[in-house]
Every structure is written in structure tokens, then in C-alpha cells.
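J.: Quick one, structure_1.txt (compact mmCIF, C-alpha atoms and all ligand atoms):
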```txt
# COMPACT_ATOMS: atom_id res chain seq x y z
CA MET A 1 0.00 0.00 0.00
CA THR A 2 1.35 3.46 -0.86
CA PRO A 3 1.71 5.55 2.29
CA ILE A 4 -0.41 8.72 2.44
CA PRO A 5 1.98 11.63 1.82
CA ARG A 6 2.46 13.93 4.79
CA PRO A 7 1.76 17.65 4.42
CA LEU A 8 4.74 19.67 3.19
CA LEU A 9 4.76 21.76 6.38
CA GLU A 10 3.46 20.68 9.79
CA VAL A 11 3.58 23.19 12.63
CA THR A 12 2.60 21.70 15.98
CA ASN A 13 2.07 23.60 19.23
CA LEU A 14 4.70 26.20 18.37
CA SER A 15 5.51 28.69 21.13
CA ARG A 16 7.83 31.65 21.40
CA HIS A 17 7.91 34.13 24.26
CA PHE A 18 9.65 37.51 24.48
CA GLY A 19 10.14 38.09 28.19
CA GLY A 20 6.66 37.72 29.65
CA LEU A 21 4.93 38.15 26.29
CA ALA A 22 3.67 35.03 24.50
CA ALA A 23 4.10 36.10 20.86
CA LEU A 24 3.30 32.52 19.79
CA ASP A 25 1.28 30.40 22.16
CA GLY A 26 0.87 26.83 20.93
CA ALA A 27 0.09 27.48 17.25
CA SER A 28 -0.62 24.47 15.01
CA PHE A 29 -1.46 24.20 11.31
CA SER A 30 -0.32 22.34 8.21
CA VAL A 31 0.25 23.14 4.57
CA GLU A 32 -0.23 20.69 1.71
CA ARG A 33 1.98 20.73 -1.37
CA GLY A 34 0.83 23.23 -4.00
CA GLU A 35 -1.39 25.19 -1.60
CA VAL A 36 -1.32 28.94 -1.02
CA VAL A 37 -2.14 29.39 2.65
CA GLY A 38 -2.95 32.84 4.02
CA LEU A 39 -1.82 33.70 7.54
CA VAL A 40 -3.88 36.58 8.86
CA GLY A 41 -4.57 38.26 12.17
CA PRO A 42 -4.46 41.67 13.84
CA ASN A 43 -1.21 43.60 14.34
CA GLY A 44 0.97 41.90 16.94
CA SER A 45 -0.87 38.56 16.70
CA GLY A 46 2.37 36.63 16.03
CA LYS A 47 2.38 36.21 12.25
CA THR A 48 5.95 37.39 11.67
CA THR A 49 7.14 35.49 14.74
CA LEU A 50 5.56 32.35 13.28
CA LEU A 51 7.28 32.77 9.90
CA ASN A 52 10.60 33.57 11.60
CA THR A 53 10.31 30.49 13.77
CA VAL A 54 9.60 28.28 10.74
CA SER A 55 12.53 29.79 8.79
CA GLY A 56 14.94 29.41 11.71
CA ARG A 57 15.55 33.13 12.34
CA LEU A 58 14.03 32.59 15.78
CA SER A 59 14.17 29.42 17.82
CA PRO A 60 10.91 28.21 19.28
CA MET A 61 10.56 27.62 23.01
CA GLY A 62 8.14 24.75 22.49
CA GLY A 63 6.54 22.75 19.72
CA GLU A 64 7.68 21.27 16.42
CA VAL A 65 8.17 22.20 12.79
CA ARG A 66 8.26 19.37 10.25
CA PHE A 67 9.12 19.96 6.63
CA ASN A 68 8.75 17.15 4.12
CA GLY A 69 8.16 14.89 7.12
CA LYS A 70 11.52 15.80 8.67
CA LEU A 71 11.90 17.58 12.01
CA VAL A 72 13.59 20.96 11.40
CA THR A 73 12.67 22.65 14.71
CA GLY A 74 15.38 25.03 15.84
CA PHE A 75 17.64 24.37 12.82
CA ALA A 76 19.87 27.26 11.71
CA PRO A 77 18.37 29.48 8.97
CA GLU A 78 20.91 28.27 6.38
CA ALA A 79 20.02 24.63 7.09
CA ILE A 80 16.32 25.40 6.71
CA CYS A 81 17.00 27.30 3.48
CA ARG A 82 18.92 24.29 2.14
CA ALA A 83 16.06 22.03 3.16
CA GLY A 84 13.83 24.08 0.82
CA ILE A 85 12.22 26.99 2.70
CA ALA A 86 12.88 30.61 1.69
CA GLY A 87 11.03 33.84 2.22
CA THR A 88 10.85 37.60 2.17
CA PHE A 89 11.05 40.02 5.11
CA GLN A 90 8.17 42.22 6.27
CA LEU A 91 10.47 45.22 5.77
CA ALA A 92 12.44 44.69 2.55
CA ARG A 93 16.17 44.40 3.23
CA ILE A 94 18.27 45.04 0.13
CA PRO A 95 21.85 45.81 1.16
CA ASP A 96 23.11 48.93 -0.68
CA ALA A 97 26.58 47.45 -1.04
CA LEU A 98 25.35 45.07 -3.76
CA ASN A 99 23.50 45.95 -6.95
CA ALA A 100 20.09 44.48 -7.78
CA LEU A 101 21.58 41.55 -9.72
CA ASP A 102 24.08 40.57 -7.04
CA ASN A 103 21.48 40.84 -4.26
CA VAL A 104 19.75 37.96 -6.02
CA ALA A 105 22.91 36.16 -7.19
CA VAL A 106 24.18 35.68 -3.61
CA ALA A 107 21.12 33.58 -2.84
CA ALA A 108 21.83 31.38 -5.87
CA MET A 109 25.46 31.03 -4.73
CA TYR A 110 25.00 30.43 -1.02
CA GLY A 111 21.46 29.03 -0.86
CA ARG A 112 20.36 25.58 -1.83
CA ARG A 113 22.05 25.31 -5.19
CA ARG A 114 25.60 26.67 -4.66
CA LEU A 115 25.97 28.00 -8.22
CA ASP A 116 29.25 29.57 -9.34
CA VAL A 117 29.31 33.36 -9.80
CA ALA A 118 28.64 33.38 -13.55
CA SER A 119 25.76 30.89 -13.33
CA ALA A 120 24.33 32.67 -10.27
CA ARG A 121 24.34 36.02 -12.10
CA ALA A 122 22.69 34.47 -15.16
CA ASP A 123 20.06 32.92 -12.91
CA ALA A 124 19.54 36.19 -11.03
CA ASP A 125 18.95 37.98 -14.33
CA ARG A 126 16.33 35.38 -15.32
CA LEU A 127 14.63 35.58 -11.92
CA LEU A 128 14.51 39.38 -11.88
CA ALA A 129 12.75 39.22 -15.26
CA ARG A 130 10.48 36.47 -13.89
CA VAL A 131 9.27 38.75 -11.08
CA GLY A 132 8.70 41.67 -13.46
CA PHE A 133 11.73 43.76 -12.46
CA THR A 134 12.21 46.30 -15.25
CA GLY A 135 14.79 48.55 -13.58
CA ASN A 136 18.53 48.60 -14.13
CA VAL A 137 20.02 45.40 -12.69
CA ALA A 138 23.26 47.30 -12.01
CA ALA A 139 21.45 49.87 -9.81
CA HIS A 140 21.83 49.86 -6.03
CA GLY A 141 19.06 49.96 -3.43
CA ASP A 142 18.93 53.74 -2.96
CA GLN A 143 18.33 54.20 -6.72
CA LEU A 144 15.44 51.76 -6.84
CA THR A 145 11.72 52.13 -6.11
CA TYR A 146 9.87 50.47 -3.26
CA PHE A 147 8.28 47.92 -5.62
CA ASP A 148 11.74 47.21 -7.12
CA HIS A 149 12.92 46.35 -3.60
CA LYS A 150 9.93 44.04 -3.15
CA ARG A 151 10.62 42.34 -6.48
CA ILE A 152 14.32 41.89 -5.66
CA GLU A 153 13.37 40.29 -2.34
CA LEU A 154 11.06 37.87 -4.10
CA ALA A 155 13.66 37.04 -6.77
CA ARG A 156 16.23 36.50 -3.98
CA ALA A 157 13.91 34.04 -2.23
CA LEU A 158 13.23 32.21 -5.51
CA ALA A 159 17.00 32.02 -6.15
CA CYS A 160 17.15 29.68 -3.13
CA ALA A 161 15.02 27.24 -5.20
CA PRO A 162 12.48 26.78 -2.40
CA GLU A 163 9.72 24.20 -2.24
CA LEU A 164 7.99 26.43 0.30
CA LEU A 165 7.92 30.20 -0.06
CA LEU A 166 7.10 32.38 2.96
CA LEU A 167 5.85 35.89 2.12
CA ASP A 168 5.56 38.38 4.98
CA GLU A 169 3.26 41.16 3.71
CA TRP A 170 4.94 41.11 0.33
CA LEU A 171 1.97 43.01 -1.14
CA ALA A 172 1.87 45.71 1.57
CA GLY A 173 2.36 49.30 0.53
CA LEU A 174 1.80 48.76 -3.21
CA ASN A 175 -0.44 51.15 -5.16
CA PRO A 176 -3.60 49.64 -6.71
CA THR A 177 -1.98 48.89 -10.08
CA GLU A 178 1.11 47.38 -8.47
CA LEU A 179 -1.11 45.35 -6.16
CA GLU A 180 -2.90 43.73 -9.11
CA ASP A 181 0.49 42.99 -10.73
CA GLY A 182 1.72 41.54 -7.43
CA ILE A 183 -1.35 39.32 -7.05
CA ALA A 184 -0.96 38.07 -10.64
CA LEU A 185 2.69 37.27 -9.95
CA VAL A 186 1.93 35.26 -6.79
CA ARG A 187 -0.83 33.46 -8.73
CA SER A 188 1.64 32.56 -11.48
CA LEU A 189 4.03 31.09 -8.86
CA ARG A 190 1.15 29.03 -7.51
CA GLU A 191 0.37 27.83 -11.05
CA GLU A 192 3.99 26.67 -11.37
CA GLY A 193 3.34 24.44 -8.35
CA LEU A 194 5.14 26.42 -5.64
CA THR A 195 3.72 26.04 -2.12
CA ILE A 196 3.26 29.43 -0.43
CA VAL A 197 2.43 30.70 3.05
CA MET A 198 1.56 34.38 2.85
CA VAL A 199 1.03 36.78 5.73
CA GLU A 200 -1.20 39.55 4.43
CA HIS A 201 -3.52 42.27 5.61
CA VAL A 202 -4.85 42.93 2.09
CA MET A 203 -8.00 40.77 2.25
CA HIS A 204 -8.72 41.15 -1.45
CA ALA A 205 -5.38 39.43 -2.12
CA ILE A 206 -6.09 36.73 0.47
CA ARG A 207 -9.49 36.02 -1.05
CA SER A 208 -8.19 35.85 -4.59
CA LEU A 209 -5.08 33.73 -3.90
CA CYS A 210 -5.65 31.48 -0.90
CA GLY A 211 -7.65 28.28 -0.85
CA HIS A 212 -7.13 28.05 2.89
CA ILE A 213 -6.33 30.55 5.63
CA VAL A 214 -5.19 30.38 9.23
CA VAL A 215 -6.22 33.19 11.60
CA LEU A 216 -3.95 34.05 14.53
CA ASN A 217 -4.81 36.13 17.57
CA ALA A 218 -2.48 36.61 20.53
CA GLY A 219 -0.23 33.82 19.25
CA ARG A 220 -3.00 31.24 18.92
CA VAL A 221 -4.84 29.87 15.90
CA ILE A 222 -8.45 30.96 16.38
CA ALA A 223 -9.86 29.80 13.05
CA ALA A 224 -8.85 27.98 9.87
CA GLY A 225 -10.63 27.06 6.65
CA THR A 226 -11.53 28.69 3.36
CA PRO A 227 -11.32 32.51 3.48
CA GLU A 228 -15.15 32.68 3.40
CA GLU A 229 -15.55 30.26 6.32
CA ALA A 230 -12.73 31.50 8.51
CA LEU A 231 -13.39 35.22 8.05
CA ALA A 232 -17.05 34.68 8.95
CA ASP A 233 -16.15 32.89 12.19
CA PRO A 234 -17.60 34.85 15.14
CA ASP A 235 -14.23 34.90 16.99
CA VAL A 236 -12.54 36.29 13.90
CA VAL A 237 -15.22 38.94 13.42
CA ARG A 238 -14.79 39.90 17.08
CA VAL A 239 -10.98 40.33 16.91
CA TYR A 240 -11.32 42.31 13.69
CA LEU A 241 -14.21 44.41 15.00
CA GLY A 242 -13.83 47.85 13.54
CA GLU A 243 -11.55 46.57 10.77
CA SER A 244 -12.92 45.67 7.38
CA VAL A 245 -12.53 41.99 6.43
N1 LIG B 1 12.18 40.62 19.01
C1 LIG B 1 11.14 40.92 19.77
N2 LIG B 1 11.28 41.31 21.05
C2 LIG B 1 10.22 41.59 21.83
N3 LIG B 1 8.93 41.48 21.44
C3 LIG B 1 8.73 41.09 20.17
C4 LIG B 1 9.81 40.79 19.28
N4 LIG B 1 9.27 40.42 18.07
C5 LIG B 1 7.95 40.49 18.22
N5 LIG B 1 7.61 40.90 19.46
C6 LIG B 1 6.25 41.06 19.98
O1 LIG B 1 5.56 39.84 19.73
C7 LIG B 1 4.21 40.09 19.33
C8 LIG B 1 3.97 39.50 17.98
O2 LIG B 1 4.73 40.23 17.02
P1 LIG B 1 4.74 39.87 15.48
O3 LIG B 1 5.72 40.80 14.84
O4 LIG B 1 4.95 38.43 15.31
O5 LIG B 1 3.24 40.26 15.06
P2 LIG B 1 2.56 40.35 13.62
O6 LIG B 1 1.31 39.54 13.69
O7 LIG B 1 3.55 40.03 12.56
O8 LIG B 1 2.15 41.89 13.56
P3 LIG B 1 2.06 42.91 12.29
O9 LIG B 1 0.77 42.61 11.60
O10 LIG B 1 2.04 44.27 12.94
O11 LIG B 1 3.28 42.70 11.45
C9 LIG B 1 4.04 41.61 19.37
O12 LIG B 1 3.48 41.96 20.61
C10 LIG B 1 5.46 42.13 19.24
O13 LIG B 1 5.61 43.39 19.86
MG MG B 2 4.39 41.07 11.03
```
Have the structure of the file written as C-alpha cells, please.
Ligand SMILES: Nc1ncnc2c1ncn2[C@@H]1O[C@H](COP(=O)(O)OP(=O)(O)OP(=O)(O)O)[C@@H](O)[C@H]1O
Ligand SMILES: [Mg+2]

T.:
Amino acid sequence: MTPIPRPLLEVTNLSRHFGGLAALDGASFSVERGEVVGLVGPNGSGKTTLLNTVSGRLSPMGGEVRFNGKLVTGFAPEAICRAGIAGTFQLARIPDALNALDNVAVAAMYGRRRLDVASARADADRLLARVGFTGNVAAHGDQLTYFDHKRIELARALACAPELLLLDEWLAGLNPTELEDGIALVRSLREEGLTIVMVEHVMHAIRSLCGHIVVLNAGRVIAAGTPEEALADPDVVRVYLGESV
């Protein structure tokens, strides 16, 4: 009998405190291959802490993270990247010392694939085009627009050749036209088969991209299901009271 495949990502009872504050308080959810899962919740509900704990930037104080069935809890970020998880930061971080191309090429060189410089630069050029970057690839961060920074971050994550992509408010701060382009881009990544967990406050994006969402409040999962089901949950309506979902 063929064994039933495990979900790509399984987060079980994950906890992370900062001093006396429980930023994550026993959160559990799973992500199947090929899904786009939305992670939503009010400001300070633990969404970024959750992504950072999965990607290894923060170590959890309790609970487990399994990726492809393998326990990766508390692994170093580079080990988790090499296992196949990459993501973008809530605040884009594009070091000025490197130009747009090399910001992406470093991920191809030191991420999962270990390409040589020439191959990494060729790959970075392809990935910048893939994410719709139309600026000068030789330009540095201070010469580039906000959306350019967002696109470089996405290309840099893709250069790690992830199986699971974590997006932390990648669509935040875009104007309405850019937002539609951004949504179409994430959709095209989904159509290529990439599995994505996206933290997002833009509910229109969540509704159009995610088959399944997880709602966090005070570090706990308070609802999960399709966007229609989960956003209509009375607990979710209560925590969002006054905000438009
Ligand atoms: N490094 C840290 N040190 C202390 N407290 C922190 C740290 N990082 C996060 N917190 C706190 O943990 C809680 C959860 O923060 P987190 O950034 O995960 O929330 P979030 O859901 O991503 O919020 P937002 O929607 O505003 O980005 C908040 O109360 C935050 O102030
Ligand atoms: Mg956040």
C-alpha cells in the first residue's frame, strides 16, 4: 500500500515568548503541497514570529516544525534554506553594497544550489525578469523604487530554489496597479506548483489567492478554513471588530 503523503509543512504547538509576552502560544497548522495558505490576524498577533520560527531566524521555546516529514525545529536558517524553505522580510532588506543583480545572485550562490558566480548572475537575471523587475540590474538599493525592492526580495527568495515560499506582507504598501500585478505574480508562482504561506492584511489578495487561511490572535490559531468560512467565524469577526474583512 502506498503511504499517504504527509503535508509539506506541519507546525505543531509552536511557542515563542519575548520576556513575559507570549508572541506565539501553541500554534498548530499544516500546509499541503501546492497550496497557497494565508496567515492573517491583527497587528501583533504573532504572524511574523511564526514565519521567523519556521525559517529558523528565531528558535521556538516549544513545539515542532516538520518539513517534508523531517523535524527541522530550531535548525539554523541556512540549514532550513537548504532544506527548501525561503522567504521575504516584512520590511524589505536590500543591502546597498550590492546591486540588484548581485542581491539575487548571492542567494543562488549560497542558498540551496551553490551556483558559481557566472551561473548565479545568469540565474539572477532570469529571476529578476520572472518577477517583473524592469529597472537597471546594475542599480543599487537607494536608486530603486519600493516595488523594485519588493521584487528583488522575491527574486532572492526564488533564487534559493524553495519548495515552500514564505511571504511576509509582500503586497503591503503597493499602489492599486502594483497590487494587481503583485497578485498576478503570486498566482503565477502558484500555477507553477510552488507552495506558499503568505502573511497579508490585504484581504482582497487573500481572497483571490488562498484556498485556505489560518487566523492568529495573541499567538493562537483561532480559526482555519476557506477565506469565506474562517473570516465569517464569530471569533474572527470579534478580533477584527472595527476593521474591514
Ligand atoms: N524581538 C522581539 N522582542 C520583543 N517582542 C517582540 C519581538 N518580536 C515580536 N515581538 C512582539 O511579539 C508580538 C507578535 O509580534 P509579530 O511581529 O509576530 O506580530 P505580527 O502579527 O507580525 O504583527 P504585524 O501585523 O504588525 O506585522 C508583538 O506583541 C510584538 O511586539
Ligand atoms: Mg508582522

J.: Output the neighbourhood of ligand MG 2 (chain B) as a VMD selection string, that is, all protein and nucleic acid residues with some atom at most 9 Å from the ligand, counting all atoms listed in the file.

T.: chain A and resid 43 to 49 51 89 to 90 168 to 169 199 to 200

J.: Tell me, counting only C-alpha atoms and all ligand atoms, for each residue of chain A within 12 Å of ligand LIG 1 (chain B), which pair of atoms is nearest and how far apart they are in Å to one decimal, in rows ordered by chain and increasing number, as a Markdown table.

T.:
```
| residue | atom | partner | partner_atom | distance |
| --- | --- | --- | --- | --- |
| A:Ser15 | CA | B:LIG1 | O1 | 11.2 |
| A:Arg16 | CA | B:LIG1 | O1 | 8.7 |
| A:His17 | CA | B:LIG1 | O1 | 7.7 |
| A:Phe18 | CA | B:LIG1 | C2 | 4.9 |
| A:Gly19 | CA | B:LIG1 | C2 | 7.3 |
| A:Gly20 | CA | B:LIG1 | N3 | 9.3 |
| A:Leu21 | CA | B:LIG1 | O1 | 6.8 |
| A:Ala22 | CA | B:LIG1 | O1 | 7.0 |
| A:Ala23 | CA | B:LIG1 | O1 | 4.2 |
| A:Leu24 | CA | B:LIG1 | C8 | 7.2 |
| A:Asp25 | CA | B:LIG1 | C8 | 10.4 |
| A:Leu39 | CA | B:LIG1 | O6 | 9.0 |
| A:Val40 | CA | B:LIG1 | O6 | 7.7 |
| A:Gly41 | CA | B:LIG1 | O6 | 6.2 |
| A:Pro42 | CA | B:LIG1 | O9 | 5.8 |
| A:Asn43 | CA | B:LIG1 | O9 | 3.5 |
| A:Gly44 | CA | B:LIG1 | O5 | 3.4 |
| A:Ser45 | CA | B:LIG1 | O6 | 3.8 |
| A:Gly46 | CA | B:LIG1 | O4 | 3.2 |
| A:Lys47 | CA | B:LIG1 | O6 | 3.8 |
| A:Thr48 | CA | B:LIG1 | O7 | 3.7 |
| A:Thr49 | CA | B:LIG1 | O4 | 3.7 |
| A:Leu50 | CA | B:LIG1 | O4 | 6.4 |
| A:Leu51 | CA | B:LIG1 | O4 | 8.2 |
| A:Asn52 | CA | B:LIG1 | O4 | 8.3 |
| A:Thr53 | CA | B:LIG1 | O4 | 9.7 |
| A:Arg57 | CA | B:LIG1 | N1 | 10.6 |
| A:Leu58 | CA | B:LIG1 | N1 | 8.9 |
| A:Ser59 | CA | B:LIG1 | N1 | 11.4 |
| A:Phe89 | CA | B:LIG1 | O11 | 10.4 |
| A:Gln90 | CA | B:LIG1 | O11 | 7.1 |
| A:Leu91 | CA | B:LIG1 | O11 | 9.5 |
| A:Leu167 | CA | B:LIG1 | O7 | 11.5 |
| A:Asp168 | CA | B:LIG1 | O7 | 8.0 |
| A:Glu169 | CA | B:LIG1 | O11 | 7.9 |
| A:Trp170 | CA | B:LIG1 | O11 | 11.4 |
| A:Ala172 | CA | B:LIG1 | O11 | 10.4 |
| A:Met198 | CA | B:LIG1 | O7 | 11.4 |
| A:Val199 | CA | B:LIG1 | O7 | 8.0 |
| A:Glu200 | CA | B:LIG1 | O9 | 8.0 |
| A:His201 | CA | B:LIG1 | O9 | 7.4 |
| A:Val202 | CA | B:LIG1 | O9 | 11.1 |
| A:Val215 | CA | B:LIG1 | O6 | 10.1 |
| A:Leu216 | CA | B:LIG1 | O6 | 7.6 |
| A:Asn217 | CA | B:LIG1 | O6 | 8.0 |
| A:Ala218 | CA | B:LIG1 | C8 | 7.5 |
| A:Gly219 | CA | B:LIG1 | C8 | 7.2 |
| A:Arg220 | CA | B:LIG1 | O6 | 10.7 |
| A:Val221 | CA | B:LIG1 | O6 | 11.7 |
```

J.: In Å to one decimal, how far is atom CA of A:Pro227 from atom CA of A:Tyr240?

T.: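 Distance reported for this atom pair: 14.2 Å.
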
J.: Would you compute the distance between atom CA of A:Glu78 and atom CA of A:Ile206? Give it in Å to one decimal.

T.: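 Computing the Euclidean distance for atom CA of A:Glu78 and atom CA of A:Ile206 yields 28.9 Å.
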
J.: Which one of A:Val37, A:Val137, A:Ala205, A:Leu115 sits closest to A:Leu179 if you count only C-alpha atoms?

T.: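 Ranking A:Val37, A:Val137, A:Ala205, A:Leu115 by distance to A:Leu179, first place goes to A:Ala205.
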
J.: Have a look at A:Ile80, A:Arg114, A:Val236, A:Leu128 and name the one nearest to A:Leu158; count all atoms listed in the file.

T.: A:Leu128

J.: For each of A:Leu174, A:Val31, A:Val197, A:Leu144, take the minimum atom-to-atom distance to A:Pro7, counting all atoms listed in the file, then give the residue where this is smallest.

T.: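 Counting all atoms listed in the file, the residue closest to A:Pro7 is A:Val31.
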